[in-house]
Amino acid sequence: MPSQLSAGTCYKLHNSQTGDEDLFTAGHTIPVSVIKQVTPSATGTSAALDRYRIIISDGEHFLQAMLATQLNILFMRI
């Protein structure tokens, strides 16, 4: 049985305020629409880490973000 999208969640997340902790602990069904690897630029002598840009949509609104490099493990190729 397909899950129902949590319409309006992207708008609520984008406009969240201090004290909206319930918004972040509630269950939401929001698909990731796009995952794109961003080519790192050469920066000095330190090795640049891969970065990923994601776009999520709740059917009404969308959000895009760069993921923290600590989450790269989620996108490692096998």
# chains A, B, ... in the order shown; residues from 1 in each chain; ligands from 1
$ residues_around --residues "A:Gly8" --least-positions-apart "2" --cutoff "10 Å" --atoms "only C-alpha atoms" --output "list of chain:residue names"
A:Leu5, A:Ser6, A:Cys10, A:Tyr11, A:Lys12, A:Leu13, A:Ser57, A:Asp58, A:Gly59, A:Glu60, A:His61, A:Phe62
$ closest_residue --among "A:His28, A:Thr18, A:Tyr52, A:Pro40" --to "A:Leu74" --atoms "only C-alpha atoms"
A:Tyr52
$ residues_around --residues "A:Val32" --least-positions-apart "5" --cutoff "7 Å" --atoms "only C-alpha atoms" --output "number ranges by chain"
A: 54-57
$ write_last_selection --atoms "N, CA and C atoms" --output "PDB file, in the first residue's frame"
ATOM      1  N   ILE A  54      20.621  17.575  -2.196  1.00  0.00           N
ATOM      2  CA  ILE A  54      19.362  16.837  -2.304  1.00  0.00           C
ATOM      3  C   ILE A  54      18.212  17.813  -2.476  1.00  0.00           C
ATOM      4  N   ILE A  55      17.168  17.320  -3.101  1.00  0.00           N
ATOM      5  CA  ILE A  55      15.911  18.062  -3.209  1.00  0.00           C
ATOM      6  C   ILE A  55      14.817  17.122  -2.719  1.00  0.00           C
ATOM      7  N   ILE A  56      14.022  17.595  -1.764  1.00  0.00           N
ATOM      8  CA  ILE A  56      12.877  16.833  -1.273  1.00  0.00           C
ATOM      9  C   ILE A  56      11.606  17.597  -1.606  1.00  0.00           C
ATOM     10  N   SER A  57      10.516  16.867  -1.791  1.00  0.00           N
ATOM     11  CA  SER A  57       9.237  17.490  -2.127  1.00  0.00           C
ATOM     12  C   SER A  57       8.119  16.798  -1.369  1.00  0.00           C
TER      13      SER A  57
END
$ select_by_dssp --residues "chain A" --states "strand (DSSP E)" --output "list in words"
Val32, Ser33, Val34, Ile35, Lys36, Gln37, Val38, Arg51, Tyr52, Arg53, Ile54, Ile55, Ile56, Ser57, Phe62, Leu63, Gln64, Ala65 and Met66 of chain A
$ select_by_dssp --residues "chain A" --states "helix (DSSP H, G or I)" --output "number ranges by chain"
A: 9-14, 21-25, 69-75
$ residues_around --residues "A:Met66" --least-positions-apart "4" --cutoff "12 Å" --atoms "only C-alpha atoms" --output "MDAnalysis selection string"
chainID A and resid 34:38 50:56 70:72
$ write_last_selection --atoms "N, CA and C atoms" --output "short mmCIF file (atom, residue, chain, number, x, y, z; two decimals), in the first residue's frame"
data_model
loop_
_atom_site.label_atom_id
_atom_site.label_comp_id
_atom_site.auth_asym_id
_atom_site.auth_seq_id
_atom_site.Cartn_x
_atom_site.Cartn_y
_atom_site.Cartn_z
N VAL A 34 15.80 14.40 -5.83
CA VAL A 34 17.08 14.47 -6.54
C VAL A 34 18.22 14.31 -5.55
N ILE A 35 19.20 13.51 -5.92
CA ILE A 35 20.47 13.43 -5.19
C ILE A 35 21.55 13.67 -6.24
N LYS A 36 22.33 14.72 -6.04
CA LYS A 36 23.35 15.06 -7.02
C LYS A 36 24.69 15.24 -6.31
N GLN A 37 25.70 14.54 -6.81
CA GLN A 37 27.03 14.71 -6.26
C GLN A 37 27.62 16.01 -6.80
N VAL A 38 28.14 16.83 -5.91
CA VAL A 38 28.74 18.09 -6.29
C VAL A 38 30.24 17.88 -6.34
N ASP A 50 33.71 14.74 -0.99
CA ASP A 50 32.54 14.81 -1.86
C ASP A 50 31.39 15.45 -1.09
N ARG A 51 30.54 16.16 -1.81
CA ARG A 51 29.34 16.76 -1.23
C ARG A 51 28.15 16.32 -2.04
N TYR A 52 26.99 16.28 -1.41
CA TYR A 52 25.76 15.88 -2.08
C TYR A 52 24.69 16.92 -1.85
N ARG A 53 23.99 17.25 -2.94
CA ARG A 53 22.86 18.18 -2.87
C ARG A 53 21.61 17.34 -3.04
N ILE A 54 20.62 17.57 -2.20
CA ILE A 54 19.36 16.84 -2.30
C ILE A 54 18.21 17.81 -2.48
N ILE A 55 17.17 17.32 -3.10
CA ILE A 55 15.91 18.06 -3.21
C ILE A 55 14.82 17.12 -2.72
N ILE A 56 14.02 17.59 -1.76
CA ILE A 56 12.88 16.83 -1.27
C ILE A 56 11.61 17.60 -1.61
N GLN A 70 29.45 14.30 6.95
CA GLN A 70 29.33 13.15 7.84
C GLN A 70 28.29 12.15 7.33
N LEU A 71 27.40 12.60 6.43
CA LEU A 71 26.37 11.71 5.88
C LEU A 71 26.78 11.07 4.56
N ASN A 72 28.02 11.31 4.11
CA ASN A 72 28.50 10.72 2.86
C ASN A 72 28.38 9.21 2.85
#
$ closest_residue --among "A:Thr25, A:Pro31, A:Asp20, A:Phe75" --to "A:Gln4" --atoms "only C-alpha atoms"
A:Pro31
$ atom_distance --atom1 "atom CA of A:Thr9" --atom2 "atom CA of A:Leu23"
8.6 Å
$ closest_residue --among "A:His14, A:Gly19, A:Leu49, A:Phe24" --to "A:Ala65" --atoms "only C-alpha atoms"
A:His14
